[in-house]
>>> print(open('work10.cif').read())   # mmCIF, C-alpha atoms
data_final
loop_
_atom_site.label_atom_id
_atom_site.label_comp_id
_atom_site.auth_asym_id
_atom_site.auth_seq_id
_atom_site.Cartn_x
_atom_site.Cartn_y
_atom_site.Cartn_z
CA MET A 944 0.00 0.00 0.00
CA SER A 945 2.82 2.37 0.93
CA THR A 946 4.61 1.59 -2.34
CA ILE A 947 1.54 2.65 -4.33
CA ALA A 948 0.85 5.73 -2.22
CA ALA A 949 4.41 7.08 -2.36
CA PRO A 950 4.27 8.22 -6.04
CA LEU A 951 0.86 9.77 -5.41
CA PHE A 952 2.14 11.83 -2.50
CA THR A 953 5.24 12.77 -4.51
CA ASP A 954 3.12 13.97 -7.44
CA ARG A 955 0.81 15.87 -5.10
CA ALA A 956 3.76 17.54 -3.43
CA ARG A 957 5.20 18.49 -6.80
CA ARG A 958 1.93 20.08 -7.88
CA LEU A 959 1.60 21.91 -4.59
CA ARG A 960 5.13 23.22 -4.90
CA ALA A 961 4.47 24.40 -8.45
CA ALA A 962 1.26 26.14 -7.40
CA LEU A 963 2.97 27.89 -4.49
CA THR A 964 5.82 28.98 -6.77
CA ALA A 965 3.37 30.36 -9.33
CA LEU A 966 1.49 32.29 -6.62
CA LEU A 967 4.74 33.72 -5.27
CA VAL A 968 5.91 34.80 -8.73
CA ALA A 969 2.51 36.36 -9.46
CA ALA A 970 2.55 38.28 -6.18
CA VAL A 971 6.06 39.60 -6.86
CA ALA A 972 5.13 40.56 -10.43
CA VAL A 973 2.04 42.46 -9.31
CA CYS A 974 3.79 44.34 -6.50
CA ALA A 975 6.98 45.12 -8.45
CA PRO A 976 5.91 48.39 -10.17
CA PHE A 977 4.98 49.95 -6.83
CA TYR A 978 8.44 49.44 -5.31
CA PHE A 979 10.76 50.28 -8.24
CA ALA A 980 11.69 53.49 -10.00
CA PRO A 981 10.12 54.26 -13.41
CA PHE A 982 13.25 53.25 -15.32
CA GLN A 983 13.41 49.92 -13.49
CA VAL A 984 9.74 49.34 -14.25
CA PHE A 985 10.56 50.02 -17.90
CA GLN A 986 13.31 47.39 -17.77
CA LEU A 987 10.93 44.84 -16.28
CA THR A 988 8.43 45.62 -19.04
CA MET A 989 11.10 44.99 -21.67
CA VAL A 990 11.96 41.67 -20.01
CA LEU A 991 8.32 40.60 -20.29
CA LEU A 992 7.98 41.46 -23.98
CA TYR A 993 11.30 39.79 -24.82
CA ALA A 994 10.06 36.69 -23.00
CA VAL A 995 7.14 36.47 -25.44
CA ALA A 996 9.51 36.59 -28.42
CA LEU A 997 11.80 33.96 -26.88
CA ALA A 998 8.81 31.71 -26.12
CA GLY A 999 8.02 31.67 -29.83
CA LEU A 1000 11.65 31.03 -30.75
CA ASN A 1001 11.71 28.22 -28.21
CA LEU A 1002 8.82 26.53 -30.00
CA LEU A 1003 10.79 26.52 -33.24
CA VAL A 1004 14.35 25.87 -32.05
CA GLY A 1005 14.01 24.21 -28.66
CA PHE A 1006 11.01 21.97 -29.28
CA GLY A 1007 10.90 21.92 -33.09
CA GLY A 1008 14.60 21.28 -33.65
CA GLN A 1009 14.88 23.88 -36.44
CA ILE A 1010 17.36 26.73 -36.47
CA SER A 1011 16.33 30.31 -37.17
CA LEU A 1012 18.43 33.46 -37.34
CA GLY A 1013 15.61 35.62 -38.66
CA HIS A 1014 13.38 35.91 -35.61
CA GLY A 1015 14.07 39.62 -35.42
CA ALA A 1016 12.42 40.09 -38.82
CA PHE A 1017 9.08 38.77 -37.51
CA PHE A 1018 9.57 40.97 -34.45
CA ALA A 1019 10.00 43.97 -36.77
CA ALA A 1020 6.92 42.99 -38.79
CA GLY A 1021 4.74 43.02 -35.70
CA ALA A 1022 6.22 46.32 -34.50
CA TYR A 1023 5.65 48.06 -37.85
CA THR A 1024 2.14 46.66 -38.15
CA ALA A 1025 1.20 48.28 -34.86
CA ALA A 1026 3.03 51.51 -35.69
CA VAL A 1027 1.37 51.90 -39.09
CA MET A 1028 -2.07 51.24 -37.66
CA LEU A 1029 -1.54 53.75 -34.85
CA ASP A 1030 0.00 56.43 -37.06
CA ARG A 1031 -1.92 56.13 -40.32
CA TYR A 1032 -5.31 54.87 -39.18
CA ASP A 1033 -5.46 56.17 -35.60
CA THR A 1034 -6.65 52.88 -34.15
CA GLY A 1035 -6.52 51.87 -30.50
CA HIS A 1036 -3.49 50.14 -29.07
CA LEU A 1037 -5.26 46.92 -28.18
CA ALA A 1038 -6.79 46.69 -31.67
CA THR A 1039 -3.31 46.38 -33.19
CA LEU A 1040 -2.50 43.20 -31.26
CA PRO A 1041 -4.72 40.66 -33.10
CA VAL A 1042 -3.83 42.20 -36.48
CA ALA A 1043 -0.09 41.95 -35.79
CA ALA A 1044 -0.49 38.39 -34.50
CA ALA A 1045 -2.53 37.23 -37.51
CA GLY A 1046 -0.28 38.99 -40.03
CA CYS A 1047 2.91 37.49 -38.59
CA PHE A 1048 1.28 34.04 -38.39
CA LEU A 1049 0.53 34.17 -42.12
CA LEU A 1050 4.02 35.53 -42.82
CA GLY A 1051 5.61 32.67 -40.87
CA LEU A 1052 3.33 30.19 -42.64
CA GLY A 1053 4.44 31.49 -46.03
CA PHE A 1054 8.09 31.49 -44.99
CA GLY A 1055 7.89 27.97 -43.58
CA VAL A 1056 6.78 26.40 -46.87
CA PRO A 1057 10.01 27.03 -48.84
CA ALA A 1058 12.06 26.28 -45.73
CA LEU A 1059 10.78 22.68 -45.73
CA ARG A 1060 13.50 21.60 -48.16
CA LEU A 1061 16.26 23.09 -46.01
CA ARG A 1062 17.77 22.11 -42.71
CA GLY A 1063 20.76 22.84 -40.56
CA LEU A 1064 23.14 25.53 -41.72
CA TYR A 1065 21.25 26.08 -44.99
CA LEU A 1066 18.06 26.93 -43.12
CA ALA A 1067 20.01 29.19 -40.77
CA LEU A 1068 21.53 31.02 -43.75
CA VAL A 1069 18.13 31.58 -45.40
CA THR A 1070 16.56 32.91 -42.19
CA LEU A 1071 19.57 35.18 -41.64
CA ALA A 1072 19.16 36.56 -45.16
CA PHE A 1073 15.54 37.37 -44.32
CA ALA A 1074 16.67 39.36 -41.28
CA VAL A 1075 19.37 41.15 -43.29
CA PHE A 1076 17.27 42.40 -46.22
CA LEU A 1077 14.20 43.49 -44.19
CA PRO A 1078 15.66 46.77 -42.77
CA PRO A 1079 16.68 48.09 -46.24
CA LEU A 1080 13.24 47.13 -47.51
CA LEU A 1081 11.61 49.13 -44.72
CA LYS A 1082 13.71 52.15 -45.69
CA ARG A 1083 12.51 51.89 -49.30
CA LEU A 1084 8.83 51.87 -48.29
CA GLU A 1085 8.98 55.43 -47.03
CA PRO A 1086 5.32 56.39 -47.72
CA VAL A 1087 4.18 53.63 -45.37
CA THR A 1088 7.03 53.03 -42.93
CA GLY A 1089 8.50 56.51 -42.71
CA GLY A 1090 11.78 55.43 -44.28
CA SER A 1091 14.99 55.89 -42.32
CA MET A 1092 13.30 58.36 -39.97
CA GLY A 1093 10.84 55.75 -38.75
CA LEU A 1094 7.48 56.39 -37.12
CA THR A 1095 6.66 58.00 -33.79
CA VAL A 1096 3.38 56.99 -32.14
CA ASP A 1097 1.64 57.80 -28.88
CA LYS A 1098 2.25 55.56 -25.91
CA MET A 1099 -0.51 53.94 -23.91
CA GLN A 1100 -2.19 56.29 -21.47
CA PRO A 1101 -3.64 54.94 -18.21
CA PRO A 1102 -7.36 55.44 -17.62
CA VAL A 1103 -8.33 57.89 -14.92
CA TRP A 1104 -10.02 55.25 -12.76
CA SER A 1105 -6.82 53.21 -12.46
CA GLY A 1106 -4.84 55.83 -10.56
CA LEU A 1107 -1.61 54.46 -12.08
CA ALA A 1108 1.29 56.20 -13.73
CA GLU A 1109 2.02 55.66 -17.42
CA ASP A 1110 4.88 53.22 -16.83
CA GLN A 1111 2.85 51.22 -14.28
CA TRP A 1112 -0.19 50.92 -16.53
CA THR A 1113 1.98 49.83 -19.48
CA TYR A 1114 3.69 47.28 -17.27
CA PHE A 1115 0.42 45.68 -16.18
CA VAL A 1116 -0.89 45.53 -19.76
CA VAL A 1117 2.33 43.89 -20.96
CA LEU A 1118 2.26 41.54 -17.96
CA ALA A 1119 -1.24 40.37 -18.93
CA VAL A 1120 -0.19 39.83 -22.56
CA THR A 1121 2.90 37.91 -21.46
CA ALA A 1122 0.94 35.70 -19.07
CA VAL A 1123 -1.54 34.78 -21.80
CA ALA A 1124 1.24 34.14 -24.33
CA LEU A 1125 3.24 31.89 -21.98
CA LEU A 1126 0.09 30.00 -20.99
CA LEU A 1127 -0.73 29.51 -24.68
CA ALA A 1128 2.79 28.21 -25.35
CA ARG A 1129 2.52 25.81 -22.41
CA ASN A 1130 -0.85 24.42 -23.54
CA LEU A 1131 0.37 24.20 -27.12
CA LEU A 1132 3.34 22.07 -26.08
CA ARG A 1133 1.07 19.74 -24.11
CA SER A 1134 -1.28 19.24 -27.05
CA ARG A 1135 -0.92 16.96 -30.05
CA VAL A 1136 0.96 19.70 -31.89
CA GLY A 1137 3.60 19.87 -29.16
CA ARG A 1138 4.02 16.10 -29.04
CA ALA A 1139 4.36 16.03 -32.81
CA LEU A 1140 7.05 18.74 -32.68
CA LEU A 1141 9.01 16.74 -30.13
CA ALA A 1142 8.72 13.61 -32.26
CA VAL A 1143 9.95 15.48 -35.34
CA ARG A 1144 12.85 16.96 -33.38
CA ASP A 1145 13.98 13.62 -31.95
CA ASN A 1146 13.66 11.47 -35.07
CA GLU A 1147 11.97 12.56 -38.28
CA SER A 1148 11.86 9.06 -39.77
CA ALA A 1149 10.26 7.54 -36.69
CA ALA A 1150 7.79 10.42 -36.47
CA GLU A 1151 6.76 9.93 -40.09
CA VAL A 1152 6.27 6.21 -39.51
CA MET A 1153 3.96 7.01 -36.57
CA GLY A 1154 1.80 9.17 -38.84
CA VAL A 1155 3.16 12.64 -38.13
CA ARG A 1156 2.99 14.93 -41.17
CA LEU A 1157 6.44 16.50 -41.25
CA SER A 1158 5.62 19.28 -43.71
CA LEU A 1159 2.55 20.40 -41.77
CA HIS A 1160 4.16 20.55 -38.35
CA LYS A 1161 7.40 22.13 -39.56
CA THR A 1162 5.42 24.86 -41.26
CA LEU A 1163 3.20 25.34 -38.20
CA ALA A 1164 6.32 25.65 -36.05
CA PHE A 1165 7.45 28.63 -38.13
CA ALA A 1166 3.95 30.10 -38.06
CA TRP A 1167 3.53 29.86 -34.28
CA SER A 1168 7.02 31.19 -33.72
CA ALA A 1169 6.31 34.18 -35.98
CA LEU A 1170 3.01 34.82 -34.19
CA PHE A 1171 4.73 35.14 -30.81
CA ALA A 1172 7.41 37.36 -32.33
CA GLY A 1173 4.75 39.57 -33.90
CA VAL A 1174 2.93 39.95 -30.58
CA SER A 1175 6.22 40.88 -28.91
CA GLY A 1176 6.99 43.44 -31.62
CA CYS A 1177 3.53 44.97 -31.29
CA VAL A 1178 3.98 45.35 -27.54
CA TYR A 1179 7.43 46.84 -28.20
CA THR A 1180 5.75 49.64 -30.17
CA TRP A 1181 3.39 50.30 -27.26
CA VAL A 1182 6.29 50.58 -24.83
CA ILE A 1183 8.84 52.52 -26.89
CA GLY A 1184 6.49 54.63 -29.03
CA PHE A 1185 8.99 54.71 -31.89
CA VAL A 1186 10.12 52.31 -34.62
CA SER A 1187 12.89 52.62 -37.20
CA PRO A 1188 14.64 50.13 -39.51
CA ASP A 1189 17.91 50.45 -37.58
CA SER A 1190 16.21 49.12 -34.45
CA PHE A 1191 15.63 45.73 -36.10
CA SER A 1192 18.95 44.78 -37.66
CA PHE A 1193 20.12 41.19 -37.86
CA VAL A 1194 21.92 41.75 -34.53
CA LEU A 1195 18.51 41.55 -32.87
CA SER A 1196 18.00 38.03 -34.25
CA ILE A 1197 21.42 36.93 -33.01
CA THR A 1198 20.75 38.45 -29.60
CA LEU A 1199 17.39 36.69 -29.27
CA LEU A 1200 18.91 33.33 -30.21
CA ALA A 1201 21.77 33.85 -27.75
CA GLY A 1202 19.28 34.76 -25.03
CA LEU A 1203 17.29 31.59 -25.64
CA VAL A 1204 20.38 29.37 -25.53
CA VAL A 1205 21.59 31.04 -22.34
CA GLY A 1206 18.13 30.80 -20.76
CA GLY A 1207 17.70 27.15 -21.70
CA LEU A 1208 16.42 25.40 -24.81
CA ALA A 1209 13.24 23.31 -24.58
CA SER A 1210 12.41 24.74 -21.15
CA LEU A 1211 9.25 26.53 -20.10
CA TYR A 1212 11.25 28.88 -17.85
CA GLY A 1213 14.10 29.39 -20.31
CA PRO A 1214 12.45 32.33 -22.17
CA LEU A 1215 12.02 34.32 -18.97
CA LEU A 1216 15.61 33.75 -17.88
CA GLY A 1217 16.89 34.48 -21.38
CA ALA A 1218 14.84 37.67 -21.59
CA ALA A 1219 16.37 38.89 -18.32
CA PHE A 1220 19.81 38.08 -19.71
CA VAL A 1221 19.12 39.99 -22.95
CA MET A 1222 17.87 43.02 -21.02
CA TYR A 1223 20.28 43.33 -18.12
CA VAL A 1224 23.61 41.88 -19.28
CA PRO A 1225 24.25 44.54 -21.98
CA SER A 1226 23.73 47.21 -19.30
CA VAL A 1227 26.22 45.44 -17.04
CA ALA A 1228 28.67 45.18 -19.94
CA GLN A 1229 28.26 48.89 -20.62
CA ASP A 1230 29.04 49.68 -16.98
CA ILE A 1231 32.11 47.44 -16.99
CA SER A 1232 33.61 48.81 -20.20
CA GLU A 1233 32.21 51.78 -22.07
CA ALA A 1234 34.83 51.36 -24.81
CA ALA A 1235 34.02 47.75 -25.75
CA PRO A 1236 30.70 46.58 -24.25
CA GLY A 1237 30.31 43.98 -26.99
CA VAL A 1238 33.50 42.24 -25.91
CA VAL A 1239 32.32 42.06 -22.31
CA PHE A 1240 28.90 40.84 -23.44
CA GLY A 1241 30.51 38.05 -25.46
CA LEU A 1242 32.78 37.03 -22.58
CA LEU A 1243 29.79 36.89 -20.23
CA ILE A 1244 27.97 34.60 -22.65
CA ILE A 1245 31.01 32.31 -22.80
CA ALA A 1246 31.26 32.28 -19.01
CA VAL A 1247 27.58 31.42 -18.57
CA MET A 1248 27.73 28.62 -21.15
CA PHE A 1249 30.86 27.23 -19.49
CA VAL A 1250 29.16 27.11 -16.09
CA ALA A 1251 25.74 26.05 -17.41
CA PRO A 1252 26.01 24.20 -20.78
CA THR A 1253 22.26 23.49 -20.75
CA GLY A 1254 21.35 27.09 -19.90
CA LEU A 1255 20.28 28.80 -16.72
CA ALA A 1256 17.12 26.70 -16.50
CA GLY A 1257 19.22 23.54 -16.78
CA LEU A 1258 21.56 24.81 -14.07
CA ALA A 1259 18.62 25.30 -11.72
CA GLY A 1260 17.47 21.75 -12.47
CA ARG A 1261 20.95 20.36 -11.79
CA VAL A 1262 21.15 22.16 -8.45
CA ARG A 1263 17.71 20.88 -7.49
CA GLY A 1264 18.68 17.33 -8.50
CA THR A 1265 21.91 17.50 -6.49
CA VAL A 1266 20.05 18.64 -3.38
CA ALA A 1267 17.45 15.88 -3.84
CA ARG A 1268 20.17 13.21 -4.19
CA ARG A 1269 21.92 14.38 -1.05
CA LEU A 1270 18.67 14.32 0.87
CA THR A 1271 17.99 10.82 -0.44
CA ARG A 1272 21.40 9.66 0.73
CA THR A 1273 20.95 11.04 4.23
CA THR A 1274 17.43 9.66 4.70
CA PRO A 1275 18.40 5.91 4.91
CA ALA A 1276 21.04 6.74 7.53
CA ALA A 1277 18.44 8.47 9.67
CA ASP A 1278 16.11 5.50 9.21
CA ASP A 1279 18.85 3.09 10.33
CA ASP A 1280 19.50 5.15 13.45
CA ARG A 1281 15.82 5.24 14.24
CA THR A 1282 15.56 1.46 13.70
CA SER A 1283 18.52 0.73 15.95
CA ASP A 1284 16.98 2.79 18.75
CA SER A 1285 13.54 1.19 18.55
CA GLU A 1286 14.36 -2.49 17.88
CA PRO A 1287 16.32 -4.64 20.37
CA SER A 1288 19.71 -5.84 19.22
CA PRO A 1289 19.98 -9.54 18.38
CA PRO A 1290 21.64 -11.79 20.99
CA PRO A 1291 25.36 -12.30 20.49
CA THR A 1292 26.34 -15.49 18.76
CA PRO A 1293 28.80 -17.80 20.52
CA ALA A 1294 32.34 -17.26 19.49
CA ASP A 1295 33.96 -19.90 17.35
CA PRO A 1296 36.86 -21.79 18.90
CA SER A 1297 40.18 -20.34 18.07
CA PRO A 1298 42.58 -22.34 15.92
CA ALA A 1299 44.78 -22.96 18.98
CA ASP A 1300 41.93 -24.55 20.99
CA ALA A 1301 40.47 -26.57 18.16
CA GLU A 1302 41.34 -30.28 18.04
CA PRO A 1303 43.01 -31.55 14.95
CA VAL A 1304 41.14 -34.02 12.84
CA GLY A 1305 41.85 -37.64 13.85
CA ALA A 1306 43.54 -36.75 17.19
CA PRO A 1307 42.87 -38.95 20.25
CA PRO A 1308 40.46 -37.65 22.87
CA ARG A 1309 41.96 -35.48 25.56
CA THR A 1310 42.26 -36.81 29.12
CA GLU A 1311 41.63 -34.85 32.28
CA LYS A 1312 45.38 -34.43 32.84
CA GLU A 1313 45.72 -32.94 29.47
#
>>> encode(input="work10.cif", output="structure tokens")
Amino acid sequence: MSTIAAPLFTDRARRLRAALTALLVAAVAVCAPFYFAPFQVFQLTMVLLYAVALAGLNLLVGFGGQISLGHGAFFAAGAYTAAVMLDRYDTGHLATLPVAAAGCFLLGLGFGVPALRLRGLYLALVTLAFAVFLPPLLKRLEPVTGGSMGLTVDKMQPPVWSGLAEDQWTYFVVLAVTAVALLLARNLLRSRVGRALLAVRDNESAAEVMGVRLSLHKTLAFAWSALFAGVSGCVYTWVIGFVSPDSFSFVLSITLLAGLVVGGLASLYGPLLGAAFVMYVPSVAQDISEAAPGVVFGLLIIAVMFVAPTGLAGLAGRVRGTVARRLTRTTPAADDDRTSDSEPSPPPTPADPSPADAEPVGAPPRTEKE
């Protein structure tokens, strides 16, 4: 009975621990804008929107097994969609979100079809080319995109009934969008689509034998990844209030991929950790060396990957596993001590005769004189 009940109690404890952790994180996230300065609240807001972009990239690279160096292009598409709608058509901020999401989903779907015949470095090269030629294209479309000067739009204004400052209201709106996006990514990975992506990543031949349509799920991986990037870019326009082609160079794509790898591939918490790395580490590098912040940033990435090859999320899992193993090793010892105190010790067994006292085989019996 105890053998059957032990896994049940372990699973219940794991769920309780996860629920308590989620409540603690939610409480900290809600209280954060009331205890930090406006610039720090802005940094937290940027971490949240970068986490949405990295969650989409994680679907494609971490769980789908495909490489992409053009994620920044989908980010730029979502940002410009929101900016054009706000500047040219004077729409509301929230109305730009579904349009940017749907447009980037279709863009990723169209880009995923020709990418089906490519893999590895060839796919990475094609996606990088997409990120390289998009900024010059945005400069050429000056009547729509504003050219090199970009577009300046109004930021979100808090309603009067909220009693919040502009940075606090923007933070809470972005927090809600991020929570919905991460929940969607989590449910997507636990659905048939997520299981199919994992099967394709692990072994394409075996997945095809089991009935998984490789072309469909590879294309959907690009589409879902682009959707999350478009949502992140749209929120970026809300927060910054300005877009320009130079803000979305191919360096953005490289930075997002580096942030995902540092945070942890194929991890639900990796995008959040990677987003914090993308936001805060360049600032630290700038403070360490104003002359060459890129060098410091690169060295910090190397140091993190040396300490945590599986990312920061993997490092946390390794630490938790080490602590659990040590606790498991100490538990039997405590049980033995408790057993020895409660149970009586067995009676001592009679000692065997020593070799000197033992009679040799075939010797005559000893007399009393002997």
>>> resolve_selection(input="work10.cif", expression="the PyMOL selection byres ((chain A and resi 1252-1259) around 12)", output="ChimeraX atom specification")
/A:1005,1201-1220,1244-1251,1260-1266
>>> resolve_selection(input="work10.cif", expression="the PyMOL selection byres ((chain A and resi 1188) around 12)", output="JSON list (two decimals) with C-alpha atoms, in the frame of the given file")
[["chain", "number", "residue", "atom", "x", "y", "z"],
["A", 1015, "GLY", "CA", 14.07, 39.62, -35.42],
["A", 1016, "ALA", "CA", 12.42, 40.09, -38.82],
["A", 1018, "PHE", "CA", 9.57, 40.97, -34.45],
["A", 1019, "ALA", "CA", 10.00, 43.97, -36.77],
["A", 1020, "ALA", "CA", 6.92, 42.99, -38.79],
["A", 1022, "ALA", "CA", 6.22, 46.32, -34.50],
["A", 1023, "TYR", "CA", 5.65, 48.06, -37.85],
["A", 1074, "ALA", "CA", 16.67, 39.36, -41.28],
["A", 1075, "VAL", "CA", 19.37, 41.15, -43.29],
["A", 1076, "PHE", "CA", 17.27, 42.40, -46.22],
["A", 1077, "LEU", "CA", 14.20, 43.49, -44.19],
["A", 1078, "PRO", "CA", 15.66, 46.77, -42.77],
["A", 1079, "PRO", "CA", 16.68, 48.09, -46.24],
["A", 1080, "LEU", "CA", 13.24, 47.13, -47.51],
["A", 1081, "LEU", "CA", 11.61, 49.13, -44.72],
["A", 1082, "LYS", "CA", 13.71, 52.15, -45.69],
["A", 1083, "ARG", "CA", 12.51, 51.89, -49.30],
["A", 1084, "LEU", "CA", 8.83, 51.87, -48.29],
["A", 1085, "GLU", "CA", 8.98, 55.43, -47.03],
["A", 1088, "THR", "CA", 7.03, 53.03, -42.93],
["A", 1089, "GLY", "CA", 8.50, 56.51, -42.71],
["A", 1090, "GLY", "CA", 11.78, 55.43, -44.28],
["A", 1091, "SER", "CA", 14.99, 55.89, -42.32],
["A", 1092, "MET", "CA", 13.30, 58.36, -39.97],
["A", 1093, "GLY", "CA", 10.84, 55.75, -38.75],
["A", 1094, "LEU", "CA", 7.48, 56.39, -37.12],
["A", 1185, "PHE", "CA", 8.99, 54.71, -31.89],
["A", 1186, "VAL", "CA", 10.12, 52.31, -34.62],
["A", 1187, "SER", "CA", 12.89, 52.62, -37.20],
["A", 1189, "ASP", "CA", 17.91, 50.45, -37.58],
["A", 1190, "SER", "CA", 16.21, 49.12, -34.45],
["A", 1191, "PHE", "CA", 15.63, 45.73, -36.10],
["A", 1192, "SER", "CA", 18.95, 44.78, -37.66],
["A", 1193, "PHE", "CA", 20.12, 41.19, -37.86],
["A", 1195, "LEU", "CA", 18.51, 41.55, -32.87]]
>>> resolve_selection(input="work10.cif", expression="the PyMOL selection byres ((chain A and resi 1066) around 12)", output="JSON list (two decimals) with C-alpha atoms, keeping the file's coordinate frame")
[["chain", "number", "residue", "atom", "x", "y", "z"],
["A", 1004, "VAL", "CA", 14.35, 25.87, -32.05],
["A", 1008, "GLY", "CA", 14.60, 21.28, -33.65],
["A", 1009, "GLN", "CA", 14.88, 23.88, -36.44],
["A", 1010, "ILE", "CA", 17.36, 26.73, -36.47],
["A", 1011, "SER", "CA", 16.33, 30.31, -37.17],
["A", 1012, "LEU", "CA", 18.43, 33.46, -37.34],
["A", 1013, "GLY", "CA", 15.61, 35.62, -38.66],
["A", 1054, "PHE", "CA", 8.09, 31.49, -44.99],
["A", 1055, "GLY", "CA", 7.89, 27.97, -43.58],
["A", 1056, "VAL", "CA", 6.78, 26.40, -46.87],
["A", 1057, "PRO", "CA", 10.01, 27.03, -48.84],
["A", 1058, "ALA", "CA", 12.06, 26.28, -45.73],
["A", 1059, "LEU", "CA", 10.78, 22.68, -45.73],
["A", 1060, "ARG", "CA", 13.50, 21.60, -48.16],
["A", 1061, "LEU", "CA", 16.26, 23.09, -46.01],
["A", 1062, "ARG", "CA", 17.77, 22.11, -42.71],
["A", 1063, "GLY", "CA", 20.76, 22.84, -40.56],
["A", 1064, "LEU", "CA", 23.14, 25.53, -41.72],
["A", 1065, "TYR", "CA", 21.25, 26.08, -44.99],
["A", 1067, "ALA", "CA", 20.01, 29.19, -40.77],
["A", 1068, "LEU", "CA", 21.53, 31.02, -43.75],
["A", 1069, "VAL", "CA", 18.13, 31.58, -45.40],
["A", 1070, "THR", "CA", 16.56, 32.91, -42.19],
["A", 1071, "LEU", "CA", 19.57, 35.18, -41.64],
["A", 1072, "ALA", "CA", 19.16, 36.56, -45.16],
["A", 1073, "PHE", "CA", 15.54, 37.37, -44.32],
["A", 1165, "PHE", "CA", 7.45, 28.63, -38.13]]
>>> residues_around(input="work10.cif", residues="A:Ala1108", least_positions_apart="5", cutoff="12 Å", atoms="only C-alpha atoms", output="VMD selection string")
chain A and resid 976 to 977 980 to 981 984 to 985 1099 to 1103 1113 to 1115
>>> closest_residue(input="work10.cif", among="A:Arg1269, A:Leu1200, A:Thr1024, A:Val1155", to="A:Arg1138", atoms="all atoms listed in the file")
A:Val1155
>>> residues_around(input="work10.cif", residues="A:Cys1177", least_positions_apart="5", cutoff="10 Å", atoms="all atoms listed in the file", output="PyMOL selection string")
chain A and resi 992+1018-1026+1036-1037+1039-1044+1171-1172+1182
>>> atom_distance(input="work10.cif", atom1="atom CA of A:Asn1130", atom2="atom CA of A:Val995")
14.6 Å
>>> atom_distance(input="work10.cif", atom1="atom CA of A:Val1136", atom2="atom CA of A:His1160")
7.3 Å
>>> closest_residue(input="work10.cif", among="A:Val1194, A:Val1117, A:Leu1050, A:Val1178", to="A:Gly1237", atoms="all atoms listed in the file")
A:Val1194
>>> atom_distance(input="work10.cif", atom1="atom CA of A:Val973", atom2="atom CA of A:Val1120")
13.7 Å
>>> axis_aligned_box(input="work10.cif", around="stretch 1156-1172 of chain A", padding_each_side="5 Å", output="AutoDock Vina command-line options")
--center_x 5.0 --center_y 26.1 --center_z -37.3 --size_x 14.9 --size_y 32.4 --size_z 22.9
>>> closest_residue(input="work10.cif", among="A:Asp1145, A:Leu1159, A:Leu959, A:Ser1168", to="A:Ala1128", atoms="only C-alpha atoms")
A:Ser1168
>>> closest_residue(input="work10.cif", among="A:Ala970, A:Val1087, A:Ala956, A:Leu1163", to="A:Asp1030", atoms="all atoms listed in the file")
A:Val1087
>>> closest_residue(input="work10.cif", among="A:Ser1148, A:Arg1133, A:Gln1111, A:Ser1175", to="A:Cys974", atoms="all atoms listed in the file")
A:Gln1111
